[in-house]
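Q: Structure incoming, see below.
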Amino acid sequence: MQDLNVRIPDGIFRRLEEHAKNHNTTPSEAITLLLSHALGSFGQRPAIDPSRGQREGARNDPRLDWWREAKFGMFIHWGLYAIPAGVWQGDEVPGIGEWIMYRAEIPVREYEKLAPEFNPVEFDAAKWVGLAKKAGQKYLVLTTKHHDGFCLFGSKHTAYNIVDGTPFERDVVKELADECRRQGIKMGFYYSQTQDWHHPDGDGNYWDYDASSQDFDSYIHDYVIPQLEELLTKYGPVGLIWFDTPKQITAKQSQDLLDTVYSIQPDCLVCGRLGNGLGDYASAGDNRIPGSLVELDWETPATINDTWGYKTNDHNWKSGADLVRKLVDIVSKGGNYLLNVGPTAEGVIPQPSVERLEEMGAWLDRNGEAIYGTKAGPVQNLDWCRTTAKDGTVYLHVYDWPADGRITLPEIRAKSARVLGGGEALSVSSDGTVVSGPTAAPDPIVTVVALETG
Ligand code: H79
């Protein structure tokens, strides 16, 4: 690092020093960390950090069976940050929308003023859950408390919550949990266990609080655990708790959170971002898809555009076809896809997200057999296709349909073949190595050929 003769602007250097001070690193380590964030998926970090991996023994745990079958979930990032929506005092704040408080170093006393403005009169739990259903998503994970500390549920432990601190006064966690139960979707709660930029003892807010005089252990035991108790007792069965950014949390503290969850709801799953390798399933990095098969239960959380929390000026939407292919790619490698929407401050899921989710749902209506309840397929690492498998059937997800309609199978011998989505049976060569179909791709996004290998 010392050899890198670059001039760092004073403002940024001050930030790095702050960051270093708060994380017990040197400024140059802080630079490395920032660079590794900036490099994102092009960096050398593995897609799944082992500390966010899967606890030993969970791989065969039947508690995860519903989650293994589900494959596709809806992530919802919603909170006060939807009001500024990426713009603070007239200035565009770069980066992910829900980080605006951090990036603009907004003091707690300023940011708090958003709460009395939060009045999402368009919020309709039935609509949101209905969209997840239509998209073919089987579970839903809502930010009950993100890093900014604001709670989307009524809590005895802070007034900084939607029921006590906003004119809306409705408990959206309750409304969504009830609606999920009604519509047969599993409900999960995102809860930021380490970072809390509002709580005086939480992690991350170096602009209001002095880390050296914080009591993080008290924050965990006197605040996080009591809030988890509320979430696990007031809203019926909870499918999973989605912890995030473990950072400084110790193994003991992670274990205490795990014990809290299991003691109240033994069937509730805990995501790998609890930290210290204790989760029920592994969590890939944000928007990261592993290059090949991963022999764990794992999940990629991902955005449709480039932000989690709503931003007025983020229009970089991935196409429906791209999203379907990402789903197929992930499932073919044994993972789940948790795809995010960021509703507006009025409570509306942006129309571009709605359109893409509906497109995915339409594809899943035709091809869901090759996704839900499958396992990673027998053939990996090919450019033109992905495979999934279930009960003696191999599903060949064809990205590039051959112009002559002849598919030479990779390492699979088929007894029979059919195209999913009402397609007719295809002819199979007598040695089971070649399938012949129509010359035009039957499905414009990804065509799935079901091969009976029996
Ligand atoms: O909830 C979503 C994100 O808010 C959260 N995880 C997903 C699911 C998340 N927490 N941390 N990160 C993602 C990594 C954040 C990195 C950055 Fe930054 C935030 C890059 C730019 C702003 C930290 C601050 C690193 C550079 C500045």
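In the structure tokens, the first chain shown is A, the next is B, and so on; residue numbers restart at 1 for each chain, and ligands run from 1 in the order shown.
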I need the strand (DSSP E or B) residues of segment 268-370 of chain A per DSSP on the backbone, written as a PyMOL selection string.
A: chain A and resi 269-271+281-283+298-302+335-341
Q: Grab the residues selected above and save them as a CSV table (one decimal), in the first residue's frame with all heavy atoms.
A:
chain,number,residue,atom,x,y,z
A,269,LEU,N,-35.6,-20.5,10.6
A,269,LEU,CA,-34.3,-20.6,10.1
A,269,LEU,C,-33.5,-19.3,10.3
A,269,LEU,O,-34.2,-18.3,10.5
A,269,LEU,CB,-34.3,-20.9,8.6
A,269,LEU,CG,-35.1,-22.1,8.1
A,269,LEU,CD1,-35.1,-22.3,6.6
A,269,LEU,CD2,-34.6,-23.4,8.8
A,270,VAL,N,-32.2,-19.4,10.3
A,270,VAL,CA,-31.4,-18.2,10.5
A,270,VAL,C,-30.4,-18.2,9.4
A,270,VAL,O,-29.7,-19.1,9.1
A,270,VAL,CB,-30.7,-18.3,11.9
A,270,VAL,CG1,-29.6,-17.2,12.0
A,270,VAL,CG2,-31.7,-18.3,13.0
A,271,CYS,N,-30.3,-17.0,8.7
A,271,CYS,CA,-29.4,-16.9,7.6
A,271,CYS,C,-27.9,-16.8,8.0
A,271,CYS,O,-27.6,-16.4,9.1
A,271,CYS,CB,-29.9,-15.8,6.6
A,271,CYS,SG,-28.8,-14.4,6.4
A,281,TYR,N,-28.2,-21.6,6.8
A,281,TYR,CA,-27.8,-21.7,5.4
A,281,TYR,C,-26.8,-20.6,5.0
A,281,TYR,O,-26.8,-19.6,5.7
A,281,TYR,CB,-29.0,-21.7,4.4
A,281,TYR,CG,-29.8,-20.4,4.4
A,281,TYR,CD1,-29.5,-19.3,3.6
A,281,TYR,CD2,-31.0,-20.2,5.3
A,281,TYR,CE1,-30.2,-18.1,3.6
A,281,TYR,CE2,-31.7,-19.1,5.3
A,281,TYR,CZ,-31.3,-18.0,4.4
A,281,TYR,OH,-32.0,-16.9,4.4
A,282,ALA,N,-26.0,-20.8,4.0
A,282,ALA,CA,-25.0,-19.9,3.6
A,282,ALA,C,-25.5,-18.7,2.8
A,282,ALA,O,-26.5,-18.9,2.1
A,282,ALA,CB,-23.9,-20.6,2.8
A,283,SER,N,-24.9,-17.6,3.0
A,283,SER,CA,-25.3,-16.4,2.2
A,283,SER,C,-24.2,-16.0,1.3
A,283,SER,O,-23.1,-15.6,1.8
A,283,SER,CB,-25.7,-15.3,3.2
A,283,SER,OG,-26.2,-14.2,2.5
A,298,TRP,N,-27.6,-22.5,0.1
A,298,TRP,CA,-27.1,-21.2,0.0
A,298,TRP,C,-28.1,-20.3,-0.8
A,298,TRP,O,-29.0,-20.8,-1.5
A,298,TRP,CB,-25.7,-21.1,-0.6
A,298,TRP,CG,-25.6,-21.6,-2.0
A,298,TRP,CD1,-25.4,-22.9,-2.4
A,298,TRP,CD2,-25.8,-20.9,-3.3
A,298,TRP,NE1,-25.5,-23.0,-3.8
A,298,TRP,CE2,-25.7,-21.8,-4.3
A,298,TRP,CE3,-26.0,-19.5,-3.5
A,298,TRP,CZ2,-25.7,-21.4,-5.7
A,298,TRP,CZ3,-26.1,-19.1,-4.9
A,298,TRP,CH2,-25.9,-20.0,-5.9
A,299,GLU,N,-27.9,-19.0,-0.7
A,299,GLU,CA,-28.8,-18.0,-1.2
A,299,GLU,C,-28.1,-16.8,-1.7
A,299,GLU,O,-27.1,-16.3,-1.1
A,299,GLU,CB,-29.8,-17.6,-0.2
A,299,GLU,CG,-30.8,-16.5,-0.5
A,299,GLU,CD,-31.6,-16.1,0.7
A,299,GLU,OE1,-31.1,-15.6,1.7
A,299,GLU,OE2,-32.9,-16.4,0.6
A,300,THR,N,-28.5,-16.3,-2.9
A,300,THR,CA,-28.0,-15.0,-3.4
A,300,THR,C,-29.1,-13.9,-3.2
A,300,THR,O,-30.1,-14.0,-3.8
A,300,THR,CB,-27.6,-15.1,-4.9
A,300,THR,OG1,-26.5,-15.9,-5.1
A,300,THR,CG2,-27.3,-13.7,-5.4
A,301,PRO,N,-28.8,-12.9,-2.4
A,301,PRO,CA,-29.7,-11.8,-2.3
A,301,PRO,C,-29.3,-10.8,-3.4
A,301,PRO,O,-28.1,-10.6,-3.6
A,301,PRO,CB,-29.4,-11.2,-0.9
A,301,PRO,CG,-27.9,-11.5,-0.6
A,301,PRO,CD,-27.6,-12.8,-1.4
A,302,ALA,N,-30.3,-10.2,-4.1
A,302,ALA,CA,-29.9,-9.5,-5.3
A,302,ALA,C,-30.9,-8.3,-5.6
A,302,ALA,O,-32.1,-8.4,-5.1
A,302,ALA,CB,-29.8,-10.4,-6.5
A,335,GLY,N,-28.6,-23.2,-5.4
A,335,GLY,CA,-28.9,-22.0,-4.5
A,335,GLY,C,-30.4,-21.5,-4.6
A,335,GLY,O,-31.2,-22.0,-5.4
A,336,ASN,N,-30.7,-20.6,-3.8
A,336,ASN,CA,-31.9,-19.8,-3.8
A,336,ASN,C,-31.7,-18.4,-4.3
A,336,ASN,O,-30.6,-17.9,-4.1
A,336,ASN,CB,-32.6,-19.8,-2.4
A,336,ASN,CG,-33.3,-21.0,-2.1
A,336,ASN,OD1,-33.2,-22.1,-2.7
A,336,ASN,ND2,-34.2,-20.9,-1.1
A,337,TYR,N,-32.7,-17.8,-4.8
A,337,TYR,CA,-32.6,-16.4,-5.3
A,337,TYR,C,-33.5,-15.5,-4.5
A,337,TYR,O,-34.8,-15.7,-4.6
A,337,TYR,CB,-33.0,-16.4,-6.8
A,337,TYR,CG,-32.6,-15.1,-7.6
A,337,TYR,CD1,-31.6,-14.3,-7.3
A,337,TYR,CD2,-33.3,-14.9,-8.8
A,337,TYR,CE1,-31.3,-13.2,-8.1
A,337,TYR,CE2,-33.0,-13.8,-9.6
A,337,TYR,CZ,-32.0,-13.0,-9.3
A,337,TYR,OH,-31.6,-11.9,-10.1
A,338,LEU,N,-33.0,-14.6,-3.8
A,338,LEU,CA,-33.8,-13.7,-3.0
A,338,LEU,C,-33.8,-12.3,-3.7
A,338,LEU,O,-32.8,-11.6,-3.5
A,338,LEU,CB,-33.3,-13.6,-1.5
A,338,LEU,CG,-34.2,-12.7,-0.6
A,338,LEU,CD1,-35.6,-13.2,-0.4
A,338,LEU,CD2,-33.5,-12.7,0.8
A,339,LEU,N,-34.8,-12.0,-4.4
A,339,LEU,CA,-34.8,-10.8,-5.3
A,339,LEU,C,-35.5,-9.6,-4.7
A,339,LEU,O,-36.7,-9.8,-4.3
A,339,LEU,CB,-35.4,-11.2,-6.6
A,339,LEU,CG,-35.3,-10.2,-7.8
A,339,LEU,CD1,-33.8,-9.8,-8.1
A,339,LEU,CD2,-35.9,-10.8,-9.0
A,340,ASN,N,-34.9,-8.5,-4.7
A,340,ASN,CA,-35.3,-7.3,-3.9
A,340,ASN,C,-36.3,-6.4,-4.7
A,340,ASN,O,-36.1,-6.2,-5.9
A,340,ASN,CB,-34.1,-6.5,-3.5
A,340,ASN,CG,-34.5,-5.3,-2.6
A,340,ASN,OD1,-34.9,-5.5,-1.5
A,340,ASN,ND2,-34.4,-4.1,-3.1
A,341,VAL,N,-37.2,-5.8,-3.9
A,341,VAL,CA,-38.0,-4.7,-4.4
A,341,VAL,C,-37.8,-3.6,-3.3
A,341,VAL,O,-37.7,-3.8,-2.2
A,341,VAL,CB,-39.5,-4.9,-4.7
A,341,VAL,CG1,-39.7,-5.9,-5.8
A,341,VAL,CG2,-40.2,-5.4,-3.4
Q: How far is it from atom CA of Arg406 of chain A to atom CA of Gly437 of chain A, in Å with one decimal?
A: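 Result for atom CA of Arg406 of chain A versus atom CA of Gly437 of chain A: 6.3 Å, one decimal.
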Q: Name all residues at most 12 Å from Gln89 of chain A (count only C-alpha atoms; drop same-chain ones fewer than 5 positions away) and give them as a PyMOL selection string.
A: chain A and resi 83-84+100+104+106+110-111
Q: With distances taken over only C-alpha atoms and all ligand atoms, which residue among A:Ser263, A:Thr143, A:Gln227, A:Gln193 lies nearest ligand 1?
A: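 Between A:Ser263, A:Thr143, A:Gln227, A:Gln193, the residue approaching ligand 1 most closely is A:Thr143.
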Q: Would you kindly return, as a ChimeraX atom specification, each protein, DNA or RNA residue with an atom no farther than 12 Å from any atom of Phe153 of chain A, considering only C-alpha atoms and excluding same-chain residues fewer than 6 positions away?
A: /A:78-79,142-146,159-166,168-177,189-191,227-228,230-232,234-235
Q: With N, CA, C and O atoms kept, could you save the residues just selected as a compact mmCIF listing (two decimals), in the first residue's frame?
A:
# COMPACT_ATOMS: atom_id res chain seq x y z
N TRP A 78 -37.52 -1.53 2.88
CA TRP A 78 -38.43 -0.42 3.03
C TRP A 78 -38.19 0.26 4.37
O TRP A 78 -38.04 -0.41 5.39
N GLY A 79 -38.14 1.55 4.34
CA GLY A 79 -37.90 2.29 5.58
C GLY A 79 -37.87 3.78 5.29
O GLY A 79 -38.25 4.23 4.19
N LEU A 142 -38.78 -9.16 4.82
CA LEU A 142 -38.99 -7.71 4.98
C LEU A 142 -37.97 -7.12 5.95
O LEU A 142 -37.70 -7.70 7.01
N THR A 143 -37.44 -5.95 5.63
CA THR A 143 -36.54 -5.25 6.56
C THR A 143 -37.35 -4.75 7.77
O THR A 143 -37.96 -3.70 7.72
N THR A 144 -37.34 -5.53 8.86
CA THR A 144 -38.05 -5.07 10.05
C THR A 144 -37.25 -3.96 10.74
O THR A 144 -37.81 -3.07 11.36
N LYS A 145 -35.92 -4.03 10.64
CA LYS A 145 -35.03 -2.95 11.10
C LYS A 145 -33.76 -3.00 10.27
O LYS A 145 -33.04 -4.00 10.31
N HIS A 146 -33.52 -1.97 9.49
CA HIS A 146 -32.26 -1.93 8.70
C HIS A 146 -31.21 -1.17 9.50
O HIS A 146 -31.41 -0.84 10.66
N ALA A 159 -39.18 4.02 20.66
CA ALA A 159 -40.32 4.71 20.05
C ALA A 159 -40.04 5.01 18.58
O ALA A 159 -40.91 5.51 17.86
N TYR A 160 -38.81 4.68 18.17
CA TYR A 160 -38.39 4.94 16.79
C TYR A 160 -38.92 3.80 15.91
O TYR A 160 -38.17 2.97 15.40
N ASN A 161 -40.25 3.75 15.82
CA ASN A 161 -40.88 2.68 15.06
C ASN A 161 -42.14 3.19 14.38
O ASN A 161 -42.66 4.25 14.73
N ILE A 162 -42.61 2.45 13.42
CA ILE A 162 -43.69 2.93 12.55
C ILE A 162 -45.00 3.16 13.31
O ILE A 162 -45.80 4.03 12.93
N VAL A 163 -45.23 2.41 14.39
CA VAL A 163 -46.49 2.55 15.13
C VAL A 163 -46.46 3.79 16.03
O VAL A 163 -47.41 4.57 16.06
N ASP A 164 -45.36 3.96 16.74
CA ASP A 164 -45.28 5.05 17.73
C ASP A 164 -44.64 6.32 17.20
O ASP A 164 -44.79 7.38 17.81
N GLY A 165 -43.95 6.22 16.07
CA GLY A 165 -43.17 7.38 15.63
C GLY A 165 -43.61 8.00 14.32
O GLY A 165 -42.97 8.94 13.84
N THR A 166 -44.69 7.48 13.71
CA THR A 166 -45.12 8.04 12.43
C THR A 166 -46.63 8.29 12.44
O THR A 166 -47.36 7.67 13.23
N PHE A 168 -48.57 7.23 10.35
CA PHE A 168 -49.20 6.05 9.75
C PHE A 168 -49.76 5.12 10.84
O PHE A 168 -50.86 4.56 10.69
N GLU A 169 -48.97 4.93 11.90
CA GLU A 169 -49.39 4.20 13.10
C GLU A 169 -49.77 2.74 12.90
O GLU A 169 -50.32 2.11 13.79
N ARG A 170 -49.55 2.22 11.68
CA ARG A 170 -49.93 0.81 11.44
C ARG A 170 -48.69 -0.06 11.49
O ARG A 170 -47.61 0.34 11.05
N ASP A 171 -48.86 -1.28 12.02
CA ASP A 171 -47.75 -2.21 12.14
C ASP A 171 -47.65 -3.00 10.83
O ASP A 171 -48.38 -3.96 10.61
N VAL A 172 -46.75 -2.59 9.94
CA VAL A 172 -46.69 -3.24 8.62
C VAL A 172 -46.10 -4.65 8.71
O VAL A 172 -46.40 -5.49 7.87
N VAL A 173 -45.30 -4.91 9.75
CA VAL A 173 -44.82 -6.28 9.93
C VAL A 173 -46.01 -7.20 10.18
O VAL A 173 -46.14 -8.27 9.59
N LYS A 174 -46.92 -6.74 11.03
CA LYS A 174 -48.09 -7.55 11.33
C LYS A 174 -48.98 -7.72 10.08
O LYS A 174 -49.42 -8.83 9.77
N GLU A 175 -49.21 -6.63 9.38
CA GLU A 175 -50.08 -6.73 8.20
C GLU A 175 -49.50 -7.67 7.15
O GLU A 175 -50.22 -8.45 6.53
N LEU A 176 -48.17 -7.58 6.96
CA LEU A 176 -47.55 -8.47 5.97
C LEU A 176 -47.50 -9.92 6.45
O LEU A 176 -47.73 -10.84 5.67
N ALA A 177 -47.23 -10.11 7.74
CA ALA A 177 -47.19 -11.48 8.26
C ALA A 177 -48.57 -12.13 8.13
O ALA A 177 -48.69 -13.29 7.69
N PHE A 189 -38.02 -12.28 8.42
CA PHE A 189 -37.71 -10.94 8.92
C PHE A 189 -36.22 -10.63 8.76
O PHE A 189 -35.37 -11.31 9.36
N TYR A 190 -35.91 -9.62 7.96
CA TYR A 190 -34.55 -9.06 7.96
C TYR A 190 -34.40 -8.26 9.24
O TYR A 190 -35.29 -7.47 9.61
N TYR A 191 -33.28 -8.43 9.94
CA TYR A 191 -33.02 -7.64 11.15
C TYR A 191 -31.53 -7.35 11.23
O TYR A 191 -30.70 -8.27 11.31
N GLN A 227 -35.82 -7.27 21.16
CA GLN A 227 -36.58 -7.01 19.93
C GLN A 227 -36.83 -8.31 19.16
O GLN A 227 -37.90 -8.50 18.58
N LEU A 228 -35.84 -9.20 19.15
CA LEU A 228 -36.06 -10.50 18.50
C LEU A 228 -37.19 -11.25 19.20
O LEU A 228 -38.01 -11.91 18.56
N GLU A 230 -39.74 -9.92 20.59
CA GLU A 230 -41.00 -9.35 20.10
C GLU A 230 -41.34 -9.93 18.72
O GLU A 230 -42.47 -10.36 18.47
N LEU A 231 -40.35 -9.93 17.84
CA LEU A 231 -40.61 -10.39 16.47
C LEU A 231 -41.03 -11.86 16.43
O LEU A 231 -41.77 -12.28 15.54
N LEU A 232 -40.53 -12.63 17.41
CA LEU A 232 -40.80 -14.07 17.39
C LEU A 232 -42.02 -14.47 18.21
O LEU A 232 -42.42 -15.63 18.21
N LYS A 234 -44.92 -12.05 18.52
CA LYS A 234 -46.12 -11.25 18.20
C LYS A 234 -46.71 -11.49 16.82
O LYS A 234 -47.79 -10.99 16.51
N TYR A 235 -46.00 -12.20 15.96
CA TYR A 235 -46.43 -12.24 14.56
C TYR A 235 -46.65 -13.64 14.01
O TYR A 235 -46.66 -13.83 12.79
Q: Would you pick out the contacts of Ile349 of chain A at 12 Å or less, using only C-alpha atoms, so that residues sharing its chain but fewer than 5 positions from it are not included, and give the list as a PyMOL selection string?
A: chain A and resi 74-78+82+120+122-125+127-132+304+308-311+340-344+354-357
Q: Just the selected residues (N, CA and C atoms), exported as a PDB file, in the first residue's frame, please.
A:
ATOM      1  N   MET A  74     -38.964 -13.094  -2.303  1.00  0.00           N
ATOM      2  CA  MET A  74     -39.016 -11.632  -2.474  1.00  0.00           C
ATOM      3  C   MET A  74     -38.374 -10.971  -1.270  1.00  0.00           C
ATOM      4  N   PHE A  75     -37.410 -10.105  -1.536  1.00  0.00           N
ATOM      5  CA  PHE A  75     -36.770  -9.300  -0.494  1.00  0.00           C
ATOM      6  C   PHE A  75     -37.447  -7.930  -0.575  1.00  0.00           C
ATOM      7  N   ILE A  76     -37.763  -7.341   0.570  1.00  0.00           N
ATOM      8  CA  ILE A  76     -38.340  -5.994   0.548  1.00  0.00           C
ATOM      9  C   ILE A  76     -37.510  -5.090   1.449  1.00  0.00           C
ATOM     10  N   HIS A  77     -36.890  -4.082   0.863  1.00  0.00           N
ATOM     11  CA  HIS A  77     -36.172  -3.058   1.630  1.00  0.00           C
ATOM     12  C   HIS A  77     -37.041  -1.817   1.680  1.00  0.00           C
ATOM     13  N   TRP A  78     -37.524  -1.532   2.883  1.00  0.00           N
ATOM     14  CA  TRP A  78     -38.435  -0.415   3.027  1.00  0.00           C
ATOM     15  C   TRP A  78     -38.195   0.258   4.366  1.00  0.00           C
ATOM     16  N   ALA A  82     -36.686   5.640   2.061  1.00  0.00           N
ATOM     17  CA  ALA A  82     -37.514   5.766   0.848  1.00  0.00           C
ATOM     18  C   ALA A  82     -37.983   7.211   0.652  1.00  0.00           C
ATOM     19  N   PRO A 120     -47.137   6.177   4.467  1.00  0.00           N
ATOM     20  CA  PRO A 120     -47.297   5.446   3.202  1.00  0.00           C
ATOM     21  C   PRO A 120     -48.739   5.005   2.957  1.00  0.00           C
ATOM     22  N   GLU A 122     -50.475   4.450   0.501  1.00  0.00           N
ATOM     23  CA  GLU A 122     -50.781   3.469  -0.553  1.00  0.00           C
ATOM     24  C   GLU A 122     -50.417   2.037  -0.139  1.00  0.00           C
ATOM     25  N   PHE A 123     -49.811   1.888   1.030  1.00  0.00           N
ATOM     26  CA  PHE A 123     -49.380   0.548   1.435  1.00  0.00           C
ATOM     27  C   PHE A 123     -50.557  -0.417   1.490  1.00  0.00           C
ATOM     28  N   ASP A 124     -50.395  -1.563   0.843  1.00  0.00           N
ATOM     29  CA  ASP A 124     -51.444  -2.571   0.809  1.00  0.00           C
ATOM     30  C   ASP A 124     -50.766  -3.944   0.833  1.00  0.00           C
ATOM     31  N   ALA A 125     -50.775  -4.565   2.007  1.00  0.00           N
ATOM     32  CA  ALA A 125     -50.063  -5.845   2.179  1.00  0.00           C
ATOM     33  C   ALA A 125     -50.544  -6.872   1.156  1.00  0.00           C
ATOM     34  N   LYS A 127     -51.559  -6.479  -1.801  1.00  0.00           N
ATOM     35  CA  LYS A 127     -50.969  -6.206  -3.125  1.00  0.00           C
ATOM     36  C   LYS A 127     -49.526  -6.699  -3.199  1.00  0.00           C
ATOM     37  N   TRP A 128     -48.745  -6.385  -2.171  1.00  0.00           N
ATOM     38  CA  TRP A 128     -47.328  -6.790  -2.190  1.00  0.00           C
ATOM     39  C   TRP A 128     -47.209  -8.316  -2.199  1.00  0.00           C
ATOM     40  N   VAL A 129     -47.967  -8.963  -1.301  1.00  0.00           N
ATOM     41  CA  VAL A 129     -47.877 -10.423  -1.221  1.00  0.00           C
ATOM     42  C   VAL A 129     -48.450 -11.038  -2.507  1.00  0.00           C
ATOM     43  N   GLY A 130     -49.494 -10.411  -3.036  1.00  0.00           N
ATOM     44  CA  GLY A 130     -50.068 -10.877  -4.300  1.00  0.00           C
ATOM     45  C   GLY A 130     -49.051 -10.817  -5.431  1.00  0.00           C
ATOM     46  N   LEU A 131     -48.227  -9.783  -5.427  1.00  0.00           N
ATOM     47  CA  LEU A 131     -47.185  -9.673  -6.465  1.00  0.00           C
ATOM     48  C   LEU A 131     -46.147 -10.791  -6.303  1.00  0.00           C
ATOM     49  N   ALA A 132     -45.745 -11.041  -5.062  1.00  0.00           N
ATOM     50  CA  ALA A 132     -44.785 -12.132  -4.817  1.00  0.00           C
ATOM     51  C   ALA A 132     -45.363 -13.448  -5.348  1.00  0.00           C
ATOM     52  N   ILE A 304     -32.883  -5.683  -8.415  1.00  0.00           N
ATOM     53  CA  ILE A 304     -33.348  -5.652  -9.814  1.00  0.00           C
ATOM     54  C   ILE A 304     -32.669  -4.489 -10.548  1.00  0.00           C
ATOM     55  N   TRP A 308     -31.127  -1.230  -3.055  1.00  0.00           N
ATOM     56  CA  TRP A 308     -32.115  -2.036  -2.304  1.00  0.00           C
ATOM     57  C   TRP A 308     -33.267  -1.115  -1.898  1.00  0.00           C
ATOM     58  N   GLY A 309     -32.925  -0.049  -1.172  1.00  0.00           N
ATOM     59  CA  GLY A 309     -33.941   0.933  -0.810  1.00  0.00           C
ATOM     60  C   GLY A 309     -34.232   1.827  -2.024  1.00  0.00           C
ATOM     61  N   TYR A 310     -35.482   2.245  -2.146  1.00  0.00           N
ATOM     62  CA  TYR A 310     -35.911   3.015  -3.324  1.00  0.00           C
ATOM     63  C   TYR A 310     -35.052   4.259  -3.570  1.00  0.00           C
ATOM     64  N   LYS A 311     -34.664   4.455  -4.820  1.00  0.00           N
ATOM     65  CA  LYS A 311     -33.959   5.673  -5.242  1.00  0.00           C
ATOM     66  C   LYS A 311     -34.654   6.224  -6.481  1.00  0.00           C
ATOM     67  N   ASN A 340     -34.857  -8.478  -4.701  1.00  0.00           N
ATOM     68  CA  ASN A 340     -35.342  -7.335  -3.930  1.00  0.00           C
ATOM     69  C   ASN A 340     -36.277  -6.393  -4.689  1.00  0.00           C
ATOM     70  N   VAL A 341     -37.225  -5.840  -3.932  1.00  0.00           N
ATOM     71  CA  VAL A 341     -37.957  -4.659  -4.397  1.00  0.00           C
ATOM     72  C   VAL A 341     -37.812  -3.566  -3.336  1.00  0.00           C
ATOM     73  N   GLY A 342     -37.794  -2.325  -3.787  1.00  0.00           N
ATOM     74  CA  GLY A 342     -37.684  -1.186  -2.875  1.00  0.00           C
ATOM     75  C   GLY A 342     -38.890  -0.281  -3.055  1.00  0.00           C
ATOM     76  N   PRO A 343     -39.919  -0.473  -2.238  1.00  0.00           N
ATOM     77  CA  PRO A 343     -41.130   0.348  -2.386  1.00  0.00           C
ATOM     78  C   PRO A 343     -40.863   1.830  -2.094  1.00  0.00           C
ATOM     79  N   THR A 344     -41.699   2.684  -2.658  1.00  0.00           N
ATOM     80  CA  THR A 344     -41.581   4.127  -2.452  1.00  0.00           C
ATOM     81  C   THR A 344     -42.096   4.513  -1.064  1.00  0.00           C
ATOM     82  N   VAL A 354     -42.445  -4.376 -10.844  1.00  0.00           N
ATOM     83  CA  VAL A 354     -43.676  -5.164 -11.019  1.00  0.00           C
ATOM     84  C   VAL A 354     -43.640  -5.884 -12.365  1.00  0.00           C
ATOM     85  N   GLU A 355     -43.281  -5.145 -13.414  1.00  0.00           N
ATOM     86  CA  GLU A 355     -43.284  -5.738 -14.764  1.00  0.00           C
ATOM     87  C   GLU A 355     -42.311  -6.908 -14.865  1.00  0.00           C
ATOM     88  N   ARG A 356     -41.112  -6.719 -14.289  1.00  0.00           N
ATOM     89  CA  ARG A 356     -40.116  -7.789 -14.376  1.00  0.00           C
ATOM     90  C   ARG A 356     -40.515  -9.003 -13.560  1.00  0.00           C
ATOM     91  N   LEU A 357     -41.079  -8.768 -12.380  1.00  0.00           N
ATOM     92  CA  LEU A 357     -41.521  -9.906 -11.561  1.00  0.00           C
ATOM     93  C   LEU A 357     -42.652 -10.650 -12.250  1.00  0.00           C
TER      94      LEU A 357
END
Q: At a cut-off of 7 Å, using only C-alpha atoms, what residues contact segment 373-388 of chain A? Leave out same-chain residues fewer than 2 positions from it and give the result as a list in words.
A: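 Those residues are Arg68, Glu69, Ala70, Ser292, Asp329, Val331, Ser332, Lys333, Gly334, Ala370, Ile371, Lys390, Val394, Tyr395, Leu396, His397, Val398, Tyr399 and Asp400 of chain A.
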Q: Quick check, in Å to one decimal: how far apart do atom CA of Ser319 of chain A and atom CA of Gly361 of chain A lie?
A: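 Atom-to-atom, atom CA of Ser319 of chain A and atom CA of Gly361 of chain A are spaced 13.6 Å apart.
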Q: I need the residue nearest Asp267 of chain A from this list: A:Gly279, A:Gly53, A:Pro237, A:Gly454. Use only C-alpha atoms for the distance.
A: A:Pro237
Q: For Leu257 of chain A, list every protein, DNA or RNA residue within 12 Å, evaluated using only C-alpha atoms, and leave out those in the same chain fewer than 5 positions away; present the list as a PyMOL selection string.
A: chain A and resi 191-194+217+220-229+232+241-243+246+249-252+262-264+270-271+273-276+278-279
Q: Mind giving me the straight-line distance from atom CA of Lys415 of chain A to atom CA of Ser430 of chain A in Å, one decimal?
A: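 Separation between atom CA of Lys415 of chain A and atom CA of Ser430 of chain A: 8.6 Å.
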